[in-house]
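*Asks:* Sharing a structure with you now.
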Protein chains: 2
Amino acid sequence: MGPREPGAAPEDWTAGNGDMDPESFRAAGHRIVDILADYLGSIEEFAVLPQLEPGSIAPQFTQAAPEEPESIEAILADYRALIEPNANHWSHPGFMAWFPSANAAPGVLGEFLTAGIGQNTFLWRTSPVGTELETVVVGWLREALGLPSTFDGFLTDTASTSSLIALGAAREAAGLEAASRGLAARADVASPRVYASVEAHSSIDKAAMTLGIGRANVVHIPVDESFRMRADALMAAIEHDRSAGHRPIAIVATLGTTNTTAIDPVSAIADIAEREGLWLHVDAAYGGTAALVPTLRPLLAGWERAQSIVVNPHKWMSVPFDASLLLTTRMEALRAAFSHVPEYLRSLDQTGPVRDVSEYTPQLGRRFRALKLWVMLRAFGLAGMRRRIAWHVEMARELAARIDADPDWVVVAPAPFSTVCVRWYPAVLGAPRLVDDPVVAERLDAANQAIMEAVNRTGEVLLSHTRLDGRFTIRLALGHIRGEQRHVDLAWELLRAAAADQTIDFDQP
Amino acid sequence: MGPREPGAAPEDWTAGNGDMDPESFRAAGHRIVDILADYLGSIEEFAVLPQLEPGSIAPQFTQAAPEEPESIEAILADYRALIEPNANHWSHPGFMAWFPSANAAPGVLGEFLTAGIGQNTFLWRTSPVGTELETVVVGWLREALGLPSTFDGFLTDTASTSSLIALGAAREAAGLEAASRGLAARADVASPRVYASVEAHSSIDKAAMTLGIGRANVVHIPVDESFRMRADALMAAIEHDRSAGHRPIAIVATLGTTNTTAIDPVSAIADIAEREGLWLHVDAAYGGTAALVPTLRPLLAGWERAQSIVVNPHKWMSVPFDASLLLTTRMEALRAAFSHVPEYLRSLDQTGPVRDVSEYTPQLGRRFRALKLWVMLRAFGLAGMRRRIAWHVEMARELAARIDADPDWVVVAPAPFSTVCVRWYPAVLGAPRLVDDPVVAERLDAANQAIMEAVNRTGEVLLSHTRLDGRFTIRLALGHIRGEQRHVDLAWELLRAAAADQTIDFDQP
């Protein structure tokens, strides 16, 4: 199976017992690169999210696996016919839903290399370079984000896992011995309580569900008019819980909430955490990337006082999914929560300091995620990253100002990063008192939903929604690596056009 | 950003605010395909695991991220200089450590497509084709494994996550309401107990640690002389726990343990699970793949009675990491354990049946893992898969017979699949009674470790170890998609040569 001359006829590898031969792989790989380059080059010809009926796609595939091998050509033809038209095109610059995860091309190249080198990074020994490059890249990111060297860390798949690890460590750091003894049937353990704002991400509740802490023990703290956690309410909740016999263990501050990208007052929260001896976890999965830009870094001031921080490069850094960065000053607490090393995972014949990252994670197997980050950071350079992030923020602020100036629209939350939350609120309705009228409010909700759906049906952009104070809200999540001013302009134009089509009569009972 | 003529000079994309242009991506992609095809074609020129000092690799990388963009050429040159020589080469056919995860070439091509299409499959809406193709491929696999259509399921990253989900669901199915209320400070909840053999994988303990069940509540059941769980001891443990006031919730049967690939008596265990009303989870992460071959399927008979089963395509099916298949007859219990849907994840403008897979998982974000499985199953065909698996088993059985026939070596456990556990035990020592002598036993352990390390230093093959009954054991994990008879022969030859170099004097006190 040595290398052949490129272009030499490959054997019929499907007949043998082994793998595809390298020359067949080479030929197919080149074909795939062309398909993907054509895809990226023509991405705007696709509807961001095509109009598809749920359940209509599966029947287009054969319902049983083939008995005999099929040619790569046949598979790739089906890829173009069945996969491309039925995808939600996250790489399309009109993708402004949820938070973009924009698959920047250098990151895709990094994924090619990751697939080809085929590492599994659970032990140093299972991937020496995978383990050590991760340390290098985590250091690069920590430094680029302006965080002190007291932070160490590693990469996980998602913010859900990163926050679960952080709260699992907080559980151990509080001395609950939950990993070893469990939480049930123990007279010595009160309900462990976790504090997060009502606007915190669902992954915090999910982590509590998974960890056996329970959703009911996530105390959702009210927010101020800008959707930021109220520190006074946090303090009151902790005091209330202590007097009720509960056991506060951790506070989660969100820097860039999913709904509105609100920034919790992390300095005030850190004061409370320190005074109360609680673990402070910062969910900056989206917003943390702003810290790459020194002029934006003050937005996050105080986060360096946390015990753990999550920032997702697969969000605003446009690194292909999955890549979540977990930083912590308390690696030993993570290890106490998640280390369990059987004999078959012990490394014998090596000396010197070894980090086996799977000692810090609920999973054993780990992808080599550092490689694509290394490619991305070098291909863009930190200056290039900063320029792009700063530009996204500028576009978002300009868009917010433009929408705010329109008498029929309201920007309903501050837009400190690259996401803008808006509602259609026709000027004819006059003063905001009308929002108190439930009938009008319902009609406004329906109208806003209809507007968003009409915009999404164009296929030119894709928006998503949330509810703020119970009311339907349209989110424009900019920050796509391929998003330009013209896409932002188009989104706004489509929103206004869809609003103009609204024929709701607010005067009818 | 439309498609250009191939070969047309790309713009300098590094200067702008956007992404790499498609033609630069195309050129770099082709270059990477050649690098990876050359790598696969010359893989046997690498030492499987090069001799590396821990901590020696990181300093070879620049210690800060570059300010300015670097060329892809420079990055790829460093990739060849720094990544390739410092990797553990999982794609090398001499890789016989742990369990191979062999990165079959069609799967690598599938990963290229996955990276390029850039899906995130947490909601149907975030990836219609990602969600529905997953259902299709899971159906293909279920059918190919000979499991009934009462099993539904999805893909996760690792068996650790799959088993954690299964045990999390078992926790809910037992009525503990742990997800909602937590396990602590509840007078109504006894210690939830999970039963697994002493040979079960560490991921079961880790799942209990994560879930707040606690490692102490995983009851490790003794095994018989073939390292299979003893059903009588299981029954006794459950009875003991019930009388002690604990709360049995789940049994984990392992079909193909990590140490020796032992197969727990799943039918007898299923009888107990049914009688006791316990959730039966089958960890067939490694062994389950054998069910693709009808003649091997009887080895797993009884597993169809489980409530959940994990089989890892990224192990013996040679699908690139990560891809773990979780099958269950109790999807609603998984949903009860892990569903938490905030407003911003609700899908509004669609009708018909929708599966949002993130309702069943601790993570929100999800890779599009079905795509590489679809490519793999079609490229090999089921017949091709079966032929390869059957061949691996044949090679392993022949190797076991050959080693057993050698007077200086012992095969220390049955080898029903493709992994063989051996020890050097020189004939000169005579009867096995000497193993009871701790001094001799220690010297044998040291000799076996020295033999394995000598073999690994050759770089021709990579073996890993475990301890059975406390004694050092060398594992030969065949089943690599590129592993041929000559690699097996070589491994055995190297072991015998290393043993011949042993100069231990067992007569010296």
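In the structure tokens, the first chain shown is A, the next is B, and so on; residue numbers restart at 1 for each chain, and ligands run from 1 in the order shown.
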Can you tell me which residues surround stretch 498-502 of chain B at a distance of at most 7 Å, considering only C-alpha atoms, apart from same-chain residues fewer than 5 positions away, and format the answer as a ChimeraX atom specification?

*Replies:* /B:447,451,454-455

*Asks:* Write the residues of the preceding selection, restricted to N, CA and C atoms, as a tab-separated table (two decimals), in the first residue's frame.

*Replies:*
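Saved the output as again-v9.tsv:
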chain	number	residue	atom	x	y	z
B	447	ALA	N	8.67	-8.39	33.52
B	447	ALA	CA	9.14	-8.92	32.24
B	447	ALA	C	8.13	-8.65	31.13
B	451	ILE	N	8.71	-6.47	27.84
B	451	ILE	CA	8.49	-7.03	26.49
B	451	ILE	C	7.60	-6.08	25.68
B	454	ALA	N	9.43	-2.96	24.74
B	454	ALA	CA	10.43	-3.21	23.69
B	454	ALA	C	9.75	-3.30	22.32
B	455	VAL	N	8.64	-3.98	22.28
B	455	VAL	CA	7.89	-4.09	21.02
B	455	VAL	C	7.44	-2.71	20.56

*Asks:* I'd like the contact shell of A:Asn312 - 9 Å cut-off, only C-alpha atoms, skipping same-chain residues fewer than 4 positions apart - returned as a ChimeraX atom specification.

*Replies:* /A:158-159,284-289,316-317,319,322-326

*Asks:* Any chance you could export the current selection's N, CA and C atoms as a PDB file, in the first residue's frame?

*Replies:*
ATOM      1  N   THR A 158     -18.973  21.567  23.205  1.00  0.00           N
ATOM      2  CA  THR A 158     -19.996  22.623  23.244  1.00  0.00           C
ATOM      3  C   THR A 158     -19.945  23.366  24.571  1.00  0.00           C
ATOM      4  N   ALA A 159     -20.594  24.521  24.594  1.00  0.00           N
ATOM      5  CA  ALA A 159     -20.723  25.263  25.849  1.00  0.00           C
ATOM      6  C   ALA A 159     -21.520  24.461  26.859  1.00  0.00           C
ATOM      7  N   ALA A 284     -19.536  33.045  28.601  1.00  0.00           N
ATOM      8  CA  ALA A 284     -19.264  34.031  27.555  1.00  0.00           C
ATOM      9  C   ALA A 284     -19.128  33.297  26.224  1.00  0.00           C
ATOM     10  N   ALA A 285     -19.944  32.258  26.072  1.00  0.00           N
ATOM     11  CA  ALA A 285     -19.846  31.397  24.885  1.00  0.00           C
ATOM     12  C   ALA A 285     -19.902  32.242  23.618  1.00  0.00           C
ATOM     13  N   TYR A 286     -20.825  33.197  23.612  1.00  0.00           N
ATOM     14  CA  TYR A 286     -20.923  34.100  22.470  1.00  0.00           C
ATOM     15  C   TYR A 286     -20.082  35.362  22.691  1.00  0.00           C
ATOM     16  N   GLY A 287     -20.337  36.076  23.784  1.00  0.00           N
ATOM     17  CA  GLY A 287     -19.756  37.404  23.966  1.00  0.00           C
ATOM     18  C   GLY A 287     -18.260  37.435  24.187  1.00  0.00           C
ATOM     19  N   GLY A 288     -17.703  36.345  24.694  1.00  0.00           N
ATOM     20  CA  GLY A 288     -16.285  36.348  25.049  1.00  0.00           C
ATOM     21  C   GLY A 288     -15.360  36.694  23.908  1.00  0.00           C
ATOM     22  N   THR A 289     -15.774  36.325  22.701  1.00  0.00           N
ATOM     23  CA  THR A 289     -14.934  36.596  21.533  1.00  0.00           C
ATOM     24  C   THR A 289     -14.640  38.095  21.374  1.00  0.00           C
ATOM     25  N   TRP A 316     -18.658  33.089  17.430  1.00  0.00           N
ATOM     26  CA  TRP A 316     -18.284  34.342  16.773  1.00  0.00           C
ATOM     27  C   TRP A 316     -16.889  34.311  16.143  1.00  0.00           C
ATOM     28  N   MET A 317     -16.063  33.343  16.504  1.00  0.00           N
ATOM     29  CA  MET A 317     -14.756  33.242  15.834  1.00  0.00           C
ATOM     30  C   MET A 317     -14.860  32.489  14.513  1.00  0.00           C
ATOM     31  N   VAL A 319     -15.015  29.484  13.783  1.00  0.00           N
ATOM     32  CA  VAL A 319     -14.376  28.168  13.712  1.00  0.00           C
ATOM     33  C   VAL A 319     -15.474  27.134  13.484  1.00  0.00           C
ATOM     34  N   ASP A 322     -17.291  21.418  16.046  1.00  0.00           N
ATOM     35  CA  ASP A 322     -17.457  21.910  17.382  1.00  0.00           C
ATOM     36  C   ASP A 322     -16.139  22.348  17.991  1.00  0.00           C
ATOM     37  N   ALA A 323     -16.186  23.397  18.807  1.00  0.00           N
ATOM     38  CA  ALA A 323     -14.998  23.884  19.507  1.00  0.00           C
ATOM     39  C   ALA A 323     -15.432  24.872  20.590  1.00  0.00           C
ATOM     40  N   SER A 324     -15.401  24.418  21.814  1.00  0.00           N
ATOM     41  CA  SER A 324     -15.727  25.271  22.956  1.00  0.00           C
ATOM     42  C   SER A 324     -14.502  25.330  23.858  1.00  0.00           C
ATOM     43  N   LEU A 325     -14.144  26.526  24.258  1.00  0.00           N
ATOM     44  CA  LEU A 325     -12.958  26.723  25.110  1.00  0.00           C
ATOM     45  C   LEU A 325     -13.398  26.860  26.560  1.00  0.00           C
ATOM     46  N   LEU A 326     -12.884  25.980  27.411  1.00  0.00           N
ATOM     47  CA  LEU A 326     -13.152  26.081  28.847  1.00  0.00           C
ATOM     48  C   LEU A 326     -11.869  26.494  29.548  1.00  0.00           C
TER      49      LEU A 326
END

*Asks:* Could you name the residues that touch B:Arg125 at 9 Å or less, counting only C-alpha atoms, but leaving out those on the same chain fewer than 4 positions away, as a ChimeraX atom specification?

*Replies:* /A:49,54,88 /B:121,131,347,350,354,356

*Asks:* Got time to write the residues from that selection, C-alpha atoms, as an mmCIF file, in the first residue's frame?

*Replies:*
data_model
loop_
_atom_site.group_PDB
_atom_site.id
_atom_site.type_symbol
_atom_site.label_atom_id
_atom_site.label_comp_id
_atom_site.auth_asym_id
_atom_site.auth_seq_id
_atom_site.Cartn_x
_atom_site.Cartn_y
_atom_site.Cartn_z
ATOM 1 C CA LEU A 49 -33.177 27.583 4.833
ATOM 2 C CA PRO A 54 -40.583 17.799 8.072
ATOM 3 C CA ASN A 88 -29.803 24.722 6.418
ATOM 4 C CA THR B 121 -28.005 19.323 13.980
ATOM 5 C CA THR B 131 -31.763 15.315 11.357
ATOM 6 C CA SER B 347 -39.565 26.126 15.941
ATOM 7 C CA GLN B 350 -43.352 24.156 10.452
ATOM 8 C CA VAL B 354 -40.326 17.006 14.045
ATOM 9 C CA ASP B 356 -35.177 17.879 17.700
#

*Asks:* Could you please determine the separation between atom CA of A:Val422 and atom CA of A:His465 in Å, to one decimal place?

*Replies:*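 So the two atoms, atom CA of A:Val422 and atom CA of A:His465, lie 9.6 Å apart.
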
*Asks:* I'd like the contact shell of stretch 333-335 of chain A - 10 Å cut-off, only C-alpha atoms, skipping same-chain residues fewer than 4 positions apart - returned as a list in words.

*Replies:* Ile165, Ala166, Leu167, Gly168, Ala169, Ala170, Arg171, Glu172, Ala173, Ala174, Thr328, Thr329, Ser339, His340, Val357, Ser358, Glu359, Tyr360 and Thr361 of chain A

*Asks:* Contacts of stretch 456-459 of chain B at 6 Å or less, counting only C-alpha atoms, minus same-chain residues fewer than 2 places along, as a PyMOL selection string?

*Replies:* chain B and resi 47-48+453-454+461-462

*Asks:* Write out as a VMD selection string each polymer residue whose atoms come within 6 Å of stretch 32-38 of chain B, counting only C-alpha atoms; drop sequence neighbours fewer than 4 positions from it.

*Replies:* chain A and resid 22 26 29 116

*Asks:* As a short mmCIF file (atom, residue, chain, number, x, y, z; two decimals) with C-alpha atoms, in the first residue's frame, please: every residue in stretch 119-236 of chain B that DSSP puts in alpha helix (DSSP H).

*Replies:*
data_model
loop_
_atom_site.label_atom_id
_atom_site.label_comp_id
_atom_site.auth_asym_id
_atom_site.auth_seq_id
_atom_site.Cartn_x
_atom_site.Cartn_y
_atom_site.Cartn_z
CA PRO B 128 -33.34 19.26 8.18
CA VAL B 129 -31.15 16.86 6.24
CA GLY B 130 -28.83 16.34 9.20
CA THR B 131 -31.76 15.31 11.36
CA GLU B 132 -33.50 13.10 8.82
CA LEU B 133 -30.38 11.42 7.43
CA GLU B 134 -29.51 10.53 11.02
CA THR B 135 -32.83 8.73 11.33
CA VAL B 136 -32.14 6.94 8.06
CA VAL B 137 -28.63 5.86 8.99
CA VAL B 138 -29.62 4.81 12.50
CA GLY B 139 -32.29 2.64 10.86
CA TRP B 140 -29.71 1.16 8.49
CA LEU B 141 -27.44 0.28 11.39
CA ARG B 142 -30.22 -1.09 13.60
CA GLU B 143 -31.36 -3.35 10.80
CA ALA B 144 -27.81 -4.38 9.92
CA ALA B 159 -19.81 5.74 24.42
CA SER B 160 -19.25 7.80 27.57
CA THR B 161 -22.00 10.16 26.51
CA SER B 162 -24.24 7.36 25.24
CA SER B 163 -24.01 5.48 28.52
CA LEU B 164 -24.46 8.68 30.52
CA ILE B 165 -27.66 9.38 28.58
CA ALA B 166 -28.87 5.82 29.13
CA LEU B 167 -28.24 5.97 32.87
CA GLY B 168 -29.74 9.44 33.06
CA ALA B 169 -32.86 8.04 31.44
CA ALA B 170 -32.83 5.06 33.80
CA ARG B 171 -32.73 7.52 36.69
CA GLU B 172 -35.89 9.20 35.37
CA ALA B 173 -37.57 5.92 34.43
CA ALA B 178 -33.71 13.79 39.44
CA ALA B 179 -33.69 16.07 36.41
CA SER B 180 -36.35 18.31 37.83
CA ARG B 181 -35.85 18.07 41.58
CA SER B 202 -14.66 3.26 33.35
CA SER B 203 -17.26 5.32 31.50
CA ILE B 204 -19.97 3.68 33.62
CA ASP B 205 -18.32 4.92 36.81
CA LYS B 206 -17.79 8.29 35.20
CA ALA B 207 -21.44 8.54 34.18
CA ALA B 208 -22.43 7.84 37.78
CA MET B 209 -19.99 10.52 38.97
CA THR B 210 -21.40 13.05 36.53
CA ALA B 231 -25.51 -13.52 37.24
CA ASP B 232 -25.82 -15.17 40.64
CA ALA B 233 -23.60 -12.52 42.20
CA LEU B 234 -25.65 -9.83 40.45
CA MET B 235 -28.85 -11.20 41.93
CA ALA B 236 -27.30 -11.39 45.37
#

*Asks:* Taking only C-alpha atoms into account, name the residue in B:Gln63, B:Thr258, B:Thr156, B:Ser91 that is nearest to B:Glu44.

*Replies:*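 Selected residue with least distance to B:Glu44: B:Ser91.
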
*Asks:* Hey, can you check how far atom CA of B:Val219 sits from atom CA of A:Gln363?

*Replies:*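 Taking atom CA of B:Val219 as the start and atom CA of A:Gln363 as the end point, the length is 20.7 Å.
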